[in-house]
>>> print(open('upload.csv').read())   # CSV, C-alpha atoms and all ligand atoms
chain,number,residue,atom,x,y,z
A,1,MET,CA,18.8,124.7,151.2
A,2,SER,CA,19.6,127.0,154.0
A,3,GLU,CA,21.1,130.5,153.3
A,4,ALA,CA,24.2,129.5,155.2
A,5,ILE,CA,25.0,126.8,152.6
A,6,VAL,CA,23.9,128.8,149.6
A,7,LYS,CA,25.9,131.9,150.4
A,8,PRO,CA,29.4,130.5,150.3
A,9,ILE,CA,28.8,128.7,147.1
A,10,GLU,CA,27.5,131.8,145.4
A,11,ALA,CA,30.5,133.7,146.8
A,12,ILE,CA,32.8,131.0,145.3
A,13,ILE,CA,31.1,131.2,141.9
A,14,ALA,CA,31.5,135.0,141.9
A,15,GLU,CA,35.1,134.6,143.0
A,16,THR,CA,35.8,132.0,140.2
A,17,ARG,CA,34.3,134.4,137.7
A,18,GLN,CA,36.5,137.2,138.9
A,19,GLU,CA,39.6,135.1,138.8
A,20,ILE,CA,39.0,133.6,135.4
A,21,GLN,CA,37.2,136.4,133.6
A,22,PRO,CA,40.3,138.5,132.7
A,23,TYR,CA,41.7,135.4,130.9
A,24,VAL,CA,38.4,134.9,129.1
A,25,PHE,CA,38.5,138.5,127.8
A,26,LYS,CA,42.2,138.1,126.8
A,27,ARG,CA,41.3,135.0,124.8
A,28,LEU,CA,38.4,136.7,123.1
A,29,GLU,CA,40.5,139.7,122.2
A,30,ALA,CA,43.2,137.4,120.8
A,31,ARG,CA,40.7,135.7,118.5
A,32,THR,CA,41.0,136.4,114.9
A,33,PRO,CA,37.7,136.6,113.0
A,34,ARG,CA,36.2,133.2,112.4
A,35,LYS,CA,35.4,132.0,108.9
A,36,ALA,CA,32.1,130.1,108.4
A,37,GLY,CA,32.5,126.5,109.4
A,38,GLN,CA,35.5,127.0,111.6
A,39,LYS,CA,35.5,125.4,115.0
A,40,ILE,CA,35.1,127.4,118.2
A,41,ALA,CA,35.5,125.0,121.0
A,42,ARG,CA,38.9,124.7,122.6
A,43,THR,CA,39.6,121.0,123.0
A,44,ILE,CA,41.5,119.6,126.0
A,45,THR,CA,42.2,115.9,126.3
A,46,VAL,CA,43.1,114.5,129.7
A,47,THR,CA,45.1,111.3,129.7
A,48,SER,CA,47.6,109.4,132.0
A,49,GLY,CA,48.7,106.1,130.6
A,50,LYS,CA,48.2,104.4,134.0
A,51,GLY,CA,44.6,103.9,135.3
A,52,GLY,CA,43.2,105.4,138.4
A,53,VAL,CA,45.4,108.5,138.8
A,54,GLY,CA,42.6,111.0,138.6
A,55,LYS,CA,41.7,111.8,135.0
A,56,THR,CA,37.9,111.6,135.4
A,57,SER,CA,38.0,113.6,138.7
A,58,LEU,CA,40.1,116.3,136.9
A,59,VAL,CA,37.9,116.6,133.9
A,60,VAL,CA,34.7,116.8,136.0
A,61,ASN,CA,36.0,119.4,138.3
A,62,MET,CA,37.7,121.4,135.6
A,63,ALA,CA,34.4,121.5,133.7
A,64,ILE,CA,32.5,122.8,136.7
A,65,CYS,CA,35.2,125.4,137.3
A,66,LEU,CA,35.1,126.7,133.7
A,67,SER,CA,31.3,126.6,133.7
A,68,GLN,CA,31.2,128.7,136.9
A,69,ALA,CA,33.4,131.2,135.1
A,70,GLY,CA,30.8,131.6,132.4
A,71,GLN,CA,32.2,129.3,129.8
A,72,LYS,CA,30.1,126.9,127.9
A,73,VAL,CA,31.5,123.4,128.5
A,74,ILE,CA,30.8,120.0,127.0
A,75,VAL,CA,32.4,116.9,128.5
A,76,LEU,CA,32.9,113.9,126.4
A,77,ASP,CA,33.6,110.5,128.0
A,78,ALA,CA,35.7,108.9,125.3
A,79,ASP,CA,36.3,105.7,127.3
A,80,LEU,CA,33.9,103.3,125.6
A,81,GLY,CA,35.3,100.4,127.6
A,82,LEU,CA,34.7,101.5,131.2
A,83,ALA,CA,32.9,104.8,130.8
A,84,ASN,CA,32.0,106.3,134.2
A,85,ILE,CA,32.0,110.1,134.0
A,86,ASP,CA,28.2,110.2,134.5
A,87,VAL,CA,28.6,108.5,137.8
A,88,VAL,CA,31.2,111.1,139.1
A,89,PHE,CA,28.9,113.9,137.9
A,90,GLY,CA,26.0,112.2,139.6
A,91,VAL,CA,23.8,112.2,136.5
A,92,ARG,CA,21.9,109.2,135.0
A,93,PRO,CA,21.8,109.5,131.3
A,94,THR,CA,19.5,107.1,129.5
A,95,TYR,CA,21.5,107.0,126.3
A,96,SER,CA,25.2,107.1,125.4
A,97,LEU,CA,27.6,107.3,122.5
A,98,ILE,CA,26.8,103.6,121.8
A,99,ASP,CA,23.3,104.7,120.8
A,100,VAL,CA,24.8,107.2,118.4
A,101,LEU,CA,27.1,104.6,117.1
A,102,ASN,CA,24.2,102.3,116.4
A,103,GLY,CA,22.3,105.1,114.6
A,104,GLU,CA,19.5,105.0,117.2
A,105,LYS,CA,20.0,108.5,118.6
A,106,ASN,CA,21.4,111.9,117.6
A,107,ILE,CA,24.1,113.6,119.7
A,108,ASP,CA,21.6,116.2,120.9
A,109,GLU,CA,19.4,113.4,122.3
A,110,ILE,CA,22.1,111.8,124.4
A,111,MET,CA,23.6,115.0,125.9
A,112,VAL,CA,22.5,115.5,129.5
A,113,GLN,CA,22.8,118.6,131.7
A,114,GLY,CA,25.0,118.1,134.7
A,115,PRO,CA,25.8,120.3,137.7
A,116,ARG,CA,26.4,124.0,137.0
A,117,GLY,CA,25.2,123.8,133.4
A,118,VAL,CA,28.0,121.4,132.2
A,119,GLN,CA,26.8,119.3,129.2
A,120,ILE,CA,27.8,115.7,129.4
A,121,ILE,CA,28.1,113.0,126.8
A,122,ALA,CA,28.2,109.6,128.3
A,123,GLY,CA,30.6,107.1,126.8
A,124,GLY,CA,28.5,104.0,127.4
A,125,SER,CA,30.2,100.7,128.0
A,126,GLY,CA,30.8,97.6,125.9
A,127,VAL,CA,33.0,98.8,123.0
A,128,ARG,CA,36.6,98.2,123.8
A,129,GLU,CA,38.3,100.3,121.2
A,130,LEU,CA,36.8,103.0,119.1
A,131,ALA,CA,39.4,102.2,116.5
A,132,ASN,CA,37.9,98.8,116.0
A,133,ILE,CA,34.5,100.0,115.0
A,134,GLU,CA,33.4,99.5,111.4
A,135,SER,CA,34.1,102.6,109.4
A,136,GLU,CA,30.5,103.2,108.5
A,137,LYS,CA,29.5,103.4,112.1
A,138,SER,CA,32.4,105.6,113.2
A,139,GLU,CA,31.7,108.0,110.2
A,140,ARG,CA,28.2,108.4,111.6
A,141,LEU,CA,29.6,109.0,115.1
A,142,PHE,CA,32.1,111.6,114.0
A,143,ALA,CA,29.5,113.4,111.8
A,144,GLN,CA,27.4,113.8,114.9
A,145,LEU,CA,30.3,114.8,117.2
A,146,ARG,CA,31.3,117.6,114.8
A,147,PHE,CA,28.3,119.6,115.8
A,148,LEU,CA,29.6,119.9,119.3
A,149,GLU,CA,32.5,122.1,118.3
A,150,ASP,CA,30.2,124.9,117.4
A,151,LYS,CA,28.2,124.6,120.6
A,152,ALA,CA,30.8,125.2,123.3
A,153,ASP,CA,33.8,127.2,124.4
A,154,PHE,CA,35.5,124.2,125.8
A,155,LEU,CA,35.3,120.5,124.9
A,156,LEU,CA,36.9,118.4,127.6
A,157,ILE,CA,37.7,114.8,126.7
A,158,ASP,CA,38.1,112.1,129.4
A,159,THR,CA,40.0,109.1,128.1
A,160,GLY,CA,40.4,105.6,129.4
A,161,ALA,CA,43.6,104.1,130.8
A,162,GLY,CA,46.3,102.9,128.5
A,163,ILE,CA,47.9,104.1,125.3
A,164,SER,CA,45.5,102.7,122.8
A,165,ASP,CA,45.0,104.1,119.3
A,166,SER,CA,41.7,105.7,120.4
A,167,VAL,CA,43.4,107.5,123.3
A,168,LEU,CA,46.3,108.7,121.1
A,169,SER,CA,43.9,110.0,118.4
A,170,PHE,CA,42.0,112.1,120.9
A,171,CYS,CA,45.3,113.4,122.2
A,172,ARG,CA,46.7,114.2,118.8
A,173,ALA,CA,43.6,116.1,117.7
A,174,ALA,CA,43.4,118.2,120.8
A,175,ASP,CA,44.5,121.8,121.2
A,176,GLN,CA,45.9,120.9,124.6
A,177,VAL,CA,46.8,117.6,126.2
A,178,VAL,CA,46.9,117.3,130.0
A,179,VAL,CA,48.9,114.3,131.2
A,180,ILE,CA,48.1,113.6,134.8
A,181,THR,CA,50.3,111.5,137.0
A,182,ASN,CA,50.8,110.9,140.7
A,183,THR,CA,54.2,110.7,142.4
A,184,GLU,CA,54.5,106.9,142.1
A,185,PRO,CA,57.1,105.5,139.7
A,186,THR,CA,54.6,103.3,137.9
A,187,SER,CA,52.4,106.3,137.1
A,188,LEU,CA,55.4,108.4,136.1
A,189,THR,CA,56.6,105.7,133.7
A,190,ASP,CA,53.2,105.5,132.0
A,191,ALA,CA,53.0,109.3,131.8
A,192,TYR,CA,56.5,109.3,130.1
A,193,GLY,CA,55.2,106.5,127.8
A,194,ILE,CA,52.3,108.6,126.5
A,195,ILE,CA,54.5,111.7,126.2
A,196,LYS,CA,57.0,109.6,124.2
A,197,VAL,CA,54.5,108.4,121.7
A,198,LEU,CA,53.0,111.9,121.3
A,199,SER,CA,56.5,113.4,120.8
A,200,THR,CA,57.1,111.1,117.8
A,201,GLN,CA,53.6,110.9,116.3
A,202,SER,CA,52.6,114.4,116.9
A,203,PRO,CA,55.5,116.7,117.9
A,204,GLU,CA,53.4,119.8,117.6
A,205,SER,CA,51.2,118.6,120.6
A,206,LYS,CA,50.9,121.0,123.5
A,207,VAL,CA,51.4,118.9,126.5
A,208,SER,CA,51.0,120.0,130.1
A,209,VAL,CA,51.6,117.8,133.1
A,210,LEU,CA,49.6,117.9,136.3
A,211,VAL,CA,50.9,116.0,139.4
A,212,ASN,CA,48.1,114.7,141.5
A,213,ARG,CA,47.8,113.6,145.1
A,214,VAL,CA,50.9,115.4,146.4
A,215,GLU,CA,51.6,115.7,150.1
A,216,GLU,CA,53.5,118.9,149.4
A,217,ASP,CA,53.9,121.2,146.4
A,218,GLU,CA,57.7,120.6,146.3
A,219,GLU,CA,57.1,116.9,145.8
A,220,GLY,CA,55.0,117.5,142.7
A,221,ILE,CA,57.4,120.1,141.3
A,222,HIS,CA,60.3,117.7,141.8
A,223,VAL,CA,58.4,114.9,139.9
A,224,TYR,CA,57.6,117.4,137.1
A,225,ASP,CA,61.2,118.5,136.8
A,226,ARG,CA,62.4,114.9,136.4
A,227,LEU,CA,59.7,114.2,133.8
A,228,SER,CA,60.5,117.4,131.9
A,229,LYS,CA,64.2,116.7,131.9
A,230,VAL,CA,63.9,113.2,130.5
A,231,ALA,CA,61.4,114.4,127.9
A,232,LYS,CA,63.9,117.1,126.9
A,233,ASP,CA,67.1,114.9,127.0
A,234,PHE,CA,65.7,111.8,125.4
A,235,LEU,CA,62.9,113.0,123.2
A,236,ASN,CA,63.9,116.6,122.6
A,237,PHE,CA,60.3,117.5,123.6
A,238,ASP,CA,59.1,120.4,125.7
A,239,ILE,CA,56.3,119.9,128.2
A,240,LYS,CA,54.7,122.5,130.5
A,241,PHE,CA,54.0,122.4,134.2
A,242,MET,CA,50.3,122.7,134.8
A,243,GLY,CA,50.5,122.4,138.6
A,244,THR,CA,50.0,120.1,141.5
A,245,LEU,CA,46.9,118.9,143.3
A,246,PRO,CA,47.1,117.9,146.9
A,247,GLN,CA,46.0,114.6,148.3
A,248,ASP,CA,42.5,115.5,149.5
A,249,ARG,CA,40.2,113.0,151.3
A,250,ASN,CA,37.2,115.1,150.2
A,251,MET,CA,37.7,113.7,146.7
A,252,HIS,CA,36.8,110.2,147.9
A,253,ILE,CA,33.8,111.5,149.9
A,254,ALA,CA,32.6,113.6,146.9
A,255,ILE,CA,32.8,110.6,144.6
A,256,ARG,CA,30.9,108.4,147.1
A,257,GLN,CA,28.2,111.1,147.2
A,258,GLN,CA,28.2,111.3,143.4
A,259,THR,CA,28.7,115.0,143.6
A,260,PRO,CA,31.7,116.7,142.0
A,261,LEU,CA,34.2,118.0,144.5
A,262,MET,CA,33.9,121.5,143.1
A,263,VAL,CA,30.2,121.4,144.2
A,264,PHE,CA,30.4,119.2,147.2
A,265,SER,CA,33.3,120.9,148.9
A,266,PRO,CA,34.4,124.0,146.9
A,267,MET,CA,36.7,125.2,149.7
A,268,SER,CA,38.6,121.9,150.0
A,269,PRO,CA,42.3,122.0,149.3
A,270,ALA,CA,42.1,120.2,145.9
A,271,ALA,CA,39.1,122.4,144.7
A,272,THR,CA,40.9,125.6,145.8
A,273,GLU,CA,44.1,124.6,144.0
A,274,LEU,CA,42.3,123.5,140.9
A,275,ARG,CA,40.6,126.9,140.5
A,276,LYS,CA,44.0,128.6,140.6
A,277,ILE,CA,45.4,126.1,138.0
A,278,VAL,CA,42.5,126.6,135.7
A,279,SER,CA,42.8,130.4,135.8
A,280,LYS,CA,46.5,130.3,135.2
A,281,THR,CA,47.0,127.6,132.6
A,282,ILE,CA,43.9,126.9,130.6
A,283,PHE,CA,43.9,130.1,128.7
A,284,GLU,CA,47.6,130.4,128.1
A,285,ILE,CA,47.7,129.1,124.5
A,286,PRO,CA,46.8,131.9,122.2
A,287,GLU,CA,43.8,131.2,120.0
A,288,THR,CA,44.1,132.1,116.4
A,289,PHE,CA,42.0,130.8,113.5
A,290,THR,CA,44.5,130.3,110.7
A,291,ASP,CA,44.3,128.2,107.6
A,292,GLN,CA,46.5,125.6,109.3
A,293,ASN,CA,44.2,124.9,112.2
A,294,GLN,CA,40.9,125.1,110.3
A,295,THR,CA,40.4,121.3,110.6
A,296,GLY,CA,38.1,120.6,113.5
A,297,PHE,CA,38.9,118.3,116.4
A,298,PHE,CA,36.6,115.5,115.3
A,299,ASP,CA,37.7,115.7,111.7
A,300,LYS,CA,41.2,115.1,112.9
A,301,VAL,CA,40.2,112.3,115.2
A,302,ALA,CA,38.3,110.7,112.3
A,303,GLN,CA,41.4,111.0,110.0
A,304,PHE,CA,43.6,109.3,112.5
A,305,PHE,CA,41.1,106.4,112.8
A,306,LYS,CA,41.1,106.1,109.0
A,307,GLY,CA,44.7,105.1,109.0
A,308,GLY,CA,46.3,108.5,108.6
A,309,SER,CA,47.4,108.1,112.2
A,310,ARG,CA,51.0,106.8,111.9
A,311,LYS,CA,53.1,109.3,110.0
B,401,LIG,N1,43.7,114.8,144.7
B,401,LIG,C1,43.1,113.6,145.1
B,401,LIG,N2,43.1,113.3,146.4
B,401,LIG,C2,42.6,112.1,146.9
B,401,LIG,N3,42.0,111.2,146.1
B,401,LIG,C3,42.0,111.5,144.8
B,401,LIG,C4,42.6,112.6,144.2
B,401,LIG,N4,42.4,112.6,142.9
B,401,LIG,C5,41.7,111.5,142.6
B,401,LIG,N5,41.5,110.7,143.7
B,401,LIG,C6,40.9,109.4,143.8
B,401,LIG,O1,41.5,108.5,143.0
B,401,LIG,C7,40.5,107.6,142.5
B,401,LIG,C8,40.6,107.5,141.0
B,401,LIG,O2,40.2,108.7,140.4
B,401,LIG,P1,39.6,108.8,138.9
B,401,LIG,O3,38.5,107.9,138.8
B,401,LIG,O4,39.4,110.2,138.7
B,401,LIG,O5,40.9,108.2,138.1
B,401,LIG,P2,40.9,107.9,136.6
B,401,LIG,O6,42.3,108.2,136.1
B,401,LIG,O7,39.8,108.5,135.8
B,401,LIG,O8,40.7,106.3,136.6
B,401,LIG,P3,40.4,105.3,135.3
B,401,LIG,O9,41.8,105.1,134.6
B,401,LIG,O10,39.9,104.1,135.9
B,401,LIG,O11,39.5,106.0,134.4
B,401,LIG,C9,39.2,108.1,143.0
B,401,LIG,O12,38.8,107.2,144.0
B,401,LIG,C10,39.4,109.5,143.4
B,401,LIG,O13,38.6,109.8,144.5
B,402,MG,MG,38.3,107.7,134.6
>>> encode(input="upload.csv", output="structure tokens", more="lines below")
Ligand SMILES: Nc1ncnc2c1ncn2[C@@H]1O[C@H](COP(=O)(O)OP(=O)(O)OP(=O)(O)O)[C@@H](O)[C@H]1O
Ligand SMILES: [Mg+2]
Amino acid sequence: MSEAIVKPIEAIIAETRQEIQPYVFKRLEARTPRKAGQKIARTITVTSGKGGVGKTSLVVNMAICLSQAGQKVIVLDADLGLANIDVVFGVRPTYSLIDVLNGEKNIDEIMVQGPRGVQIIAGGSGVRELANIESEKSERLFAQLRFLEDKADFLLIDTGAGISDSVLSFCRAADQVVVITNTEPTSLTDAYGIIKVLSTQSPESKVSVLVNRVEEDEEGIHVYDRLSKVAKDFLNFDIKFMGTLPQDRNMHIAIRQQTPLMVFSPMSPAATELRKIVSKTIFEIPETFTDQNQTGFFDKVAQFFKGGSRK
């Protein structure tokens, strides 16, 4: 690779560190001492209701961005129906969660290293709904997944389209839920749908909304304002604004090249905006290890699958 190409990327990595590092330090300072066995990873589940609005692209590029800022990131493709995060990362894992489910591999053996040190757990395809898996198999899966929480600063979960029990369980167990929508009414309706279910099943959920593929910022802010107002008026539920990402043709090219946008075109409009969003919003929830939040992410997911899901 020529120096001309290497230099800007190095500069961007340094810039990302500089932008994000103060938030990292703040977060570390805010941490209360951890008791043995407590989780460390912050879990963020990305969901949308409607398919094809940019969940996978967001997870992949957010992971790269956090990793460039010195954070240890594991990405889990929780879509066992049409898993494809490995394709967007441009990695070719031999094994997936299906092999863990079948008891043929341990989680360590299926995790692959992606660009910029991000660790990836491929979902595999063929199982429609995690919730439908026999309990013995899912116990084994969750027992393995629990190890991940002590291995990363961030665990990013990419979910499939729809509002299935699996998707909801991953949302309800997360520290933060990012609902991504575009400006089309169908996407907005589905975003509202998932917010509605979360507001009743899990009112303590911290939900942020990201409006993707906007032509102008104002358009996205307007969409968010409408969503926020109906959530408040009809559900009495507060959501937060995460930001807007511009419509960016580089996203398509990056996916075709099987290289994450953050690596393929780090100065592109969407990559630039995402770096700002990550610095501003990802570290905003204070981290405290209290007795109430001792239960790890996957323990919670497992509980929801076992039937404790509908309060
Ligand atoms: N900001 C953007 N600008 C332009 N294109 C985008 C943008 N974000 C996402 N896309 C495009 O939208 C398409 C769908 O994106 P992606 O696969 O991330 O969606 P998804 O929500 O994960 O879909 P699925 O529900 O099928 O899992 C891709 O072709 C991607 O390139
Ligand atoms: Mg996807």
>>> residues_near_ligand(input="upload.csv", ligand="ligand LIG 401 (chain B)", cutoff="8 Å", atoms="all atoms listed in the file", output="PyMOL selection string")
chain A and resi 47-48+50-58+79+82-84+88+158-162+212-214+245-255+270
>>> closest_residue(input="upload.csv", among="A:Ala69, A:Ile110, A:Ile12, A:Ala78", to="ligand MG 402 (chain B)", atoms="only C-alpha atoms and all ligand atoms")
A:Ala78
>>> residues_around(input="upload.csv", residues="Arg140 (chain A)", least_positions_apart="5", cutoff="9 Å", atoms="all atoms listed in the file", output="PyMOL selection string")
chain A and resi 100-103+135+145
>>> atom_distance(input="upload.csv", atom1="CA of Val207 (chain A)", atom2="CA of Val73 (chain A)")
20.5 Å
>>> atom_distance(input="upload.csv", atom1="CA of Ser202 (chain A)", atom2="CA of Ile221 (chain A)")
25.5 Å
>>> closest_residue(input="upload.csv", among="A:Lys229, A:Gly220, A:Phe237, A:Gly296", to="Thr200 (chain A)", atoms="all atoms listed in the file")
A:Phe237
>>> residues_near_point(input="upload.csv", point="(30.2, 107.7, 129.2)", cutoff="8 Å", atoms="only C-alpha atoms", output="ChimeraX atom specification")
/A:76-80,82-86,96-97,121-125
>>> closest_residue(input="upload.csv", among="A:Glu134, A:Phe89, A:Thr94, A:Gln18", to="ligand MG 402 (chain B)", atoms="all atoms listed in the file")
A:Phe89
>>> atom_distance(input="upload.csv", atom1="CA of Lys151 (chain A)", atom2="CA of Gln303 (chain A)")
21.7 Å
>>> closest_residue(input="upload.csv", among="A:Ile180, A:Ile13, A:Ala174, A:Ile44", to="ligand MG 402 (chain B)", atoms="all atoms listed in the file")
A:Ile180
>>> closest_residue(input="upload.csv", among="A:Val46, A:Val112, A:Leu235, A:Leu274", to="ligand MG 402 (chain B)", atoms="only C-alpha atoms and all ligand atoms")
A:Val46
>>> closest_residue(input="upload.csv", among="A:Ile195, A:Gln201, A:Glu149, A:Val59", to="ligand MG 402 (chain B)", atoms="all atoms listed in the file")
A:Val59
